[in-house]
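Dropping upload29.cif in here (mmCIF, C-alpha atoms):
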```cif
data_structure
loop_
_atom_site.label_atom_id
_atom_site.label_comp_id
_atom_site.auth_asym_id
_atom_site.auth_seq_id
_atom_site.Cartn_x
_atom_site.Cartn_y
_atom_site.Cartn_z
CA MET A 1 90.67 2.55 -136.87
CA MET A 2 88.25 -0.19 -135.85
CA THR A 3 84.79 0.06 -137.41
CA GLU A 4 81.57 -0.27 -135.42
CA LEU A 5 81.04 -3.64 -137.11
CA GLU A 6 84.44 -4.89 -135.95
CA LYS A 7 83.78 -3.67 -132.41
CA TYR A 8 80.44 -5.50 -132.46
CA TYR A 9 81.87 -8.82 -133.63
CA ASN A 10 84.78 -8.57 -131.19
CA LYS A 11 82.13 -8.89 -128.45
CA PHE A 12 79.47 -10.99 -130.21
CA ASN A 13 79.77 -14.76 -129.72
CA GLU A 14 78.91 -16.16 -133.15
CA GLU A 15 80.02 -19.65 -132.10
CA LYS A 16 77.54 -19.64 -129.22
CA ARG A 17 74.69 -18.36 -131.44
CA LEU A 18 75.11 -21.14 -134.00
CA GLY A 19 75.39 -23.72 -131.23
CA SER A 20 72.10 -22.62 -129.64
CA ARG A 21 68.87 -24.42 -130.44
CA HIS A 22 67.58 -21.67 -132.76
CA GLY A 23 71.05 -21.52 -134.32
CA GLN A 24 70.97 -25.28 -134.92
CA VAL A 25 67.71 -24.89 -136.86
CA GLU A 26 69.33 -22.29 -139.12
CA PHE A 27 72.51 -24.35 -139.59
CA THR A 28 70.72 -27.65 -140.25
CA THR A 29 68.39 -26.03 -142.78
CA SER A 30 71.14 -24.15 -144.61
CA MET A 31 73.35 -27.27 -144.77
CA LYS A 32 70.47 -29.30 -146.20
CA TYR A 33 70.12 -26.87 -149.11
CA ILE A 34 73.88 -26.47 -149.56
CA HIS A 35 74.10 -30.24 -150.08
CA GLU A 36 71.21 -30.11 -152.51
CA TYR A 37 73.40 -28.08 -154.89
CA LEU A 38 76.79 -29.72 -154.26
CA PRO A 39 78.08 -32.73 -156.21
CA LYS A 40 78.41 -35.86 -154.11
CA ASP A 41 81.90 -36.54 -155.48
CA LYS A 42 83.41 -33.57 -153.57
CA SER A 43 84.69 -32.00 -156.80
CA ALA A 44 83.13 -28.58 -156.12
CA LYS A 45 85.05 -25.46 -155.21
CA ILE A 46 83.20 -23.47 -152.53
CA LEU A 47 83.63 -19.80 -151.63
CA ASP A 48 82.23 -18.64 -148.28
CA VAL A 49 81.97 -14.83 -148.36
CA GLY A 50 81.52 -13.33 -144.91
CA ALA A 51 82.47 -16.65 -143.35
CA GLY A 52 82.38 -15.45 -139.74
CA THR A 53 84.12 -17.94 -137.48
CA GLY A 54 83.89 -20.66 -140.12
CA ARG A 55 80.86 -22.67 -139.00
CA TYR A 56 79.93 -23.53 -142.60
CA SER A 57 83.43 -23.37 -144.12
CA VAL A 58 84.98 -25.78 -141.66
CA ALA A 59 82.05 -28.24 -141.75
CA LEU A 60 82.19 -28.39 -145.57
CA ALA A 61 85.99 -28.67 -145.60
CA GLU A 62 85.74 -31.57 -143.15
CA GLU A 63 83.46 -33.30 -145.65
CA GLY A 64 86.29 -33.11 -148.19
CA TYR A 65 85.29 -30.07 -150.26
CA ASP A 66 87.75 -27.43 -151.47
CA VAL A 67 86.68 -24.40 -149.41
CA THR A 68 87.90 -20.81 -149.50
CA ALA A 69 86.69 -18.31 -146.90
CA VAL A 70 86.66 -14.52 -146.96
CA GLU A 71 85.92 -12.61 -143.74
CA LEU A 72 86.00 -8.86 -143.10
CA VAL A 73 86.43 -8.94 -139.31
CA LYS A 74 89.93 -9.91 -138.11
CA TYR A 75 88.63 -11.26 -134.81
CA ASN A 76 86.32 -13.76 -136.55
CA LEU A 77 89.05 -14.66 -139.04
CA GLY A 78 91.41 -15.43 -136.17
CA ILE A 79 88.93 -17.88 -134.64
CA LEU A 80 88.42 -19.52 -138.03
CA LYS A 81 92.17 -19.97 -138.58
CA LYS A 82 92.68 -21.45 -135.11
CA LYS A 83 90.42 -24.33 -136.09
CA ASN A 84 93.30 -25.70 -138.19
CA SER A 85 91.05 -26.92 -140.99
CA SER A 86 91.92 -27.13 -144.68
CA VAL A 87 89.92 -23.91 -145.33
CA LYS A 88 91.92 -21.26 -147.20
CA ALA A 89 90.97 -18.13 -145.22
CA TYR A 90 91.55 -14.50 -146.16
CA GLN A 91 90.52 -11.11 -144.86
CA GLY A 92 88.41 -9.37 -147.48
CA ASN A 93 85.29 -7.49 -148.48
CA ALA A 94 82.23 -8.98 -150.21
CA MET A 95 82.15 -6.06 -152.64
CA LYS A 96 85.71 -6.64 -153.87
CA LEU A 97 86.71 -10.25 -154.54
CA SER A 98 89.60 -9.22 -156.80
CA ARG A 99 91.94 -11.96 -155.55
CA PHE A 100 89.71 -14.51 -157.32
CA SER A 101 89.43 -15.19 -161.05
CA ASP A 102 86.25 -15.10 -163.09
CA LYS A 103 84.17 -18.30 -163.00
CA GLU A 104 86.29 -19.97 -160.30
CA PHE A 105 83.69 -21.41 -157.91
CA ASP A 106 80.82 -23.91 -158.11
CA LEU A 107 78.99 -22.72 -154.99
CA ILE A 108 79.20 -19.35 -153.28
CA LEU A 109 77.77 -18.65 -149.83
CA VAL A 110 77.01 -15.02 -148.96
CA PHE A 111 75.64 -15.65 -145.48
CA GLY A 112 76.81 -12.56 -143.58
CA PRO A 113 77.48 -9.54 -145.80
CA MET A 114 73.90 -8.57 -146.69
CA TYR A 115 73.09 -8.07 -143.00
CA HIS A 116 75.58 -5.22 -142.86
CA LEU A 117 75.33 -3.55 -146.29
CA TYR A 118 72.80 -0.71 -146.29
CA SER A 119 72.38 0.62 -149.80
CA MET A 120 70.94 -1.20 -152.78
CA GLU A 121 74.10 -0.22 -154.66
CA ASP A 122 76.37 -2.02 -152.15
CA LYS A 123 74.16 -5.12 -152.03
CA VAL A 124 74.07 -5.34 -155.83
CA LYS A 125 77.85 -4.86 -155.91
CA ALA A 126 78.29 -7.84 -153.56
CA LEU A 127 75.95 -9.96 -155.70
CA THR A 128 77.69 -8.88 -158.91
CA GLU A 129 81.10 -9.81 -157.51
CA ALA A 130 79.80 -13.22 -156.41
CA LYS A 131 78.31 -13.69 -159.89
CA ARG A 132 81.66 -12.80 -161.52
CA VAL A 133 83.58 -15.53 -159.66
CA LEU A 134 80.77 -18.10 -160.10
CA LYS A 135 80.97 -20.78 -162.77
CA ASP A 136 78.22 -20.55 -165.39
CA ASP A 137 76.37 -23.53 -163.95
CA GLY A 138 77.09 -22.58 -160.33
CA VAL A 139 74.81 -21.51 -157.48
CA ILE A 140 74.91 -18.55 -155.07
CA MET A 141 73.15 -18.75 -151.70
CA VAL A 142 72.49 -15.38 -150.05
CA ALA A 143 71.19 -14.82 -146.51
CA TYR A 144 69.14 -11.80 -145.45
CA CYS A 145 67.64 -10.51 -142.18
CA MET A 146 63.92 -9.91 -142.57
CA ASN A 147 62.05 -6.68 -141.90
CA GLU A 148 59.00 -8.15 -140.12
CA TYR A 149 61.13 -10.07 -137.64
CA SER A 150 62.80 -6.81 -136.58
CA VAL A 151 59.51 -4.90 -136.28
CA LEU A 152 57.85 -7.67 -134.26
CA THR A 153 60.76 -8.42 -131.91
CA TYR A 154 62.62 -5.16 -131.32
CA GLY A 155 59.60 -3.02 -132.13
CA PHE A 156 56.67 -4.68 -130.38
CA LYS A 157 58.06 -7.47 -128.18
CA GLN A 158 60.82 -5.29 -126.68
CA ASN A 159 58.50 -2.23 -126.71
CA HIS A 160 60.60 0.14 -128.84
CA ILE A 161 57.98 0.59 -131.57
CA LEU A 162 56.77 4.11 -130.67
CA GLU A 163 60.27 5.55 -130.20
CA CYS A 164 61.37 3.92 -133.50
CA ILE A 165 58.44 5.50 -135.37
CA GLU A 166 59.07 8.86 -133.72
CA SER A 167 62.80 8.79 -134.61
CA GLY A 168 62.13 7.61 -138.18
CA LYS A 169 63.84 4.25 -137.68
CA ILE A 170 60.56 2.65 -138.74
CA ASP A 171 58.61 4.47 -141.46
CA GLU A 172 54.85 4.76 -142.06
CA ASN A 173 54.92 1.46 -143.98
CA PHE A 174 56.62 -0.25 -141.02
CA ARG A 175 59.83 -0.61 -142.95
CA VAL A 176 62.99 -0.50 -140.86
CA GLN A 177 65.23 2.44 -141.86
CA PRO A 178 68.59 1.58 -140.29
CA LYS A 179 71.77 3.63 -140.40
CA PRO A 180 75.25 2.03 -140.50
CA GLU A 181 75.68 2.54 -136.73
CA ASP A 182 72.66 0.25 -136.24
CA LEU A 183 74.83 -2.53 -137.78
CA TYR A 184 71.98 -4.57 -139.30
CA ASP A 185 69.83 -3.98 -142.36
CA TYR A 186 66.44 -5.62 -142.85
CA VAL A 187 64.63 -6.40 -146.08
CA ARG A 188 61.41 -7.69 -147.56
CA LEU A 189 61.09 -10.22 -150.37
CA GLU A 190 60.46 -7.52 -152.97
CA ASP A 191 63.80 -5.92 -152.04
CA MET A 192 65.56 -9.21 -152.69
CA ASP A 193 63.79 -9.45 -156.06
CA ALA A 194 65.09 -5.99 -156.97
CA TYR A 195 68.70 -6.84 -156.01
CA ASN A 196 68.58 -10.03 -158.09
CA LYS A 197 67.19 -8.23 -161.12
CA ALA A 198 69.84 -5.51 -160.92
CA ALA A 199 72.64 -8.09 -160.58
CA GLY A 200 71.37 -10.29 -163.44
CA LEU A 201 70.62 -13.26 -161.22
CA GLU A 202 67.64 -15.60 -161.26
CA ARG A 203 66.04 -17.26 -158.25
CA ILE A 204 65.96 -21.05 -158.08
CA LYS A 205 64.10 -20.96 -154.76
CA VAL A 206 63.97 -18.99 -151.53
CA ILE A 207 63.72 -20.60 -148.09
CA SER A 208 63.20 -19.55 -144.51
CA ALA A 209 66.43 -20.62 -142.83
CA ASP A 210 65.02 -20.60 -139.32
CA GLY A 211 61.24 -20.21 -139.59
CA PRO A 212 59.68 -19.27 -136.23
CA SER A 213 62.63 -20.57 -134.20
CA ASP A 214 64.05 -17.14 -133.33
CA TYR A 215 60.68 -16.10 -131.89
CA MET A 216 60.48 -19.36 -129.96
CA ARG A 217 63.88 -19.47 -128.27
CA PRO A 218 62.62 -20.27 -124.73
CA VAL A 219 60.20 -22.87 -126.14
CA LEU A 220 62.94 -24.59 -128.16
CA ASN A 221 65.35 -24.51 -125.21
CA ALA A 222 62.75 -26.21 -122.99
CA MET A 223 62.05 -29.04 -125.47
CA ASP A 224 63.35 -32.55 -124.89
CA ASP A 225 65.62 -33.86 -127.64
CA GLU A 226 62.95 -35.91 -129.38
CA THR A 227 60.53 -32.97 -129.55
CA PHE A 228 63.29 -30.69 -130.84
CA GLU A 229 64.20 -33.19 -133.57
CA THR A 230 60.50 -33.30 -134.49
CA PHE A 231 60.46 -29.50 -134.71
CA ILE A 232 63.44 -29.56 -137.12
CA ARG A 233 61.70 -32.23 -139.19
CA TYR A 234 58.59 -30.03 -139.35
CA HIS A 235 60.57 -26.92 -140.25
CA LEU A 236 62.47 -28.68 -143.06
CA LEU A 237 59.13 -29.74 -144.50
CA VAL A 238 57.62 -26.24 -144.53
CA CYS A 239 60.60 -23.88 -144.95
CA GLU A 240 59.88 -23.33 -148.67
CA ARG A 241 56.21 -22.49 -148.12
CA PRO A 242 55.63 -18.96 -149.49
CA GLU A 243 53.33 -17.94 -146.64
CA LEU A 244 56.18 -18.55 -144.15
CA VAL A 245 59.32 -17.44 -145.98
CA GLY A 246 59.34 -13.74 -145.09
CA ALA A 247 58.16 -14.18 -141.52
CA GLY A 248 61.29 -15.72 -139.99
CA SER A 249 64.41 -13.83 -138.98
CA HIS A 250 66.53 -15.09 -141.89
CA THR A 251 65.91 -16.12 -145.48
CA VAL A 252 68.29 -17.80 -147.89
CA ASP A 253 67.90 -16.83 -151.56
CA ILE A 254 69.23 -19.53 -153.90
CA LEU A 255 70.33 -18.03 -157.20
CA LYS A 256 71.86 -18.81 -160.58
CA LYS A 257 72.98 -16.76 -163.56
CA ILE A 258 70.10 -15.71 -165.82
CA GLY A 259 69.54 -17.96 -168.80
CA ILE A 260 71.83 -20.76 -167.62
#
```
Can you dump the structure from the file as structure tokens?
Amino acid sequence: MMTELEKYYNKFNEEKRLGSRHGQVEFTTSMKYIHEYLPKDKSAKILDVGAGTGRYSVALAEEGYDVTAVELVKYNLGILKKKNSSVKAYQGNAMKLSRFSDKEFDLILVFGPMYHLYSMEDKVKALTEAKRVLKDDGVIMVAYCMNEYSVLTYGFKQNHILECIESGKIDENFRVQPKPEDLYDYVRLEDMDAYNKAAGLERIKVISADGPSDYMRPVLNAMDDETFETFIRYHLLVCERPELVGAGSHTVDILKKIGI
């Protein structure tokens, strides 16, 4: 039986999202930091967990890296495979990477799963599995959807705030309280800290993958190319600033094994 998540992604155009202006900000920023932790000689083995339609997997494979992709949703996996890249693509779950050996990969991307895992236990399980298949000197990059973005956009901008408070979907501390049928989970930085601690991982740095771009979609779409390139240049300069990190729609937590 098809899950709600599969039904959602069968309709959701992930390719279009990443091709949009706000999607380009997220992709450009994430790729910048991916390259910061990859060797230039293309010797790294990369695992993309929750690879979606392969936007990152295929781009990195085209650069000459050895890339393996795992994706839960068959529909997304089918699109990825049709791209005829060198990516080795499998259907699988972020919480069970049993087909892979311990310490197999240099860089692991977990860019989709945390959006759709609801309990701390499940999130820590996904991190622990990524840690198991990571080489001792490797790096894990984990993407999250942020709580304040959801409250501000769906809550206030789209005027659902009062009904969400009344139904308990937003609590008295303005924390989103989603259920699995809501499809997305939202976190704050202290939640990410708790997951890392429980999984025995240490932060190298945390970045805002898209900054204010998701709030500014019409503004970005109206920009001429030169202005948009200037916006990306600005964002890349400030995306590590602590006062901005939790305010965007996505963060990327860059992690390593503790003590390495």
**Message:** Which residues are near A:Val206? Cut-off 9 Å, all atoms listed in the file, ignore same chain within fewer than 5 positions. Put them as JSON, numbers by chain.
**Reply:** {"A": [239, 240, 242, 245, 251, 252, 253, 254, 255]}
**One-decimal distance in Å that lies between atom CA of A:Arg99 and atom CA of A:Lys123** = 19.4 Å
**Asked** Which residues fall under the PyMOL selection byres ((chain A and resi 46) around 7) in this file, as a list of chain:residue names?
**Response** A:Ala44, A:Lys45, A:Leu47, A:Asp48, A:Asp66, A:Val67, A:Thr68, A:Phe105, A:Asp106, A:Leu107, A:Ile108
**Message:** With only C-alpha atoms as the counted atoms, please give the residues lying no more than 9 Å from A:Ser30, apart from itself and same-chain residues fewer than 4 positions off, as a list in words.
**Reply:** Val25, Glu26, Ile34, His35, Ile207, Ala209, Asp210 and Val252 of chain A
**Prompt:** Could you list as a count of residues only every residue that has an atom within 12 Å of (62.9, -5.9, -134.3), using the file's coordinates and counting all atoms listed in the file?
**Reply:** 35
**Asked** When you draw a straight line from atom CA of A:Asp122 to atom CA of A:Tyr33, how long is it in Å?
**Response** 25.8 Å
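Of note, atom CA of A:Leu201 and atom CA of A:Glu104 are spaced 17.1 Å apart.
Between A:Glu62 and the candidates A:Ser85, A:Gln24, A:Thr29, A:Gln91, the tightest atom-to-atom separation, counting all atoms listed in the file, involves A:Ser85.
Residues lying within 8 Å of stretch 53-58 of chain A, counting all atoms listed in the file and ignoring same-chain neighbours fewer than 3 positions away, are Glu14, Glu15, Leu18, Met31, Asp48, Ala61, Glu62, Val67, Thr68, Ala69, Asn76, Leu77, Gly78, Ile79, Leu80, Lys83, Ser85, Ser86 and Val87 of chain A.
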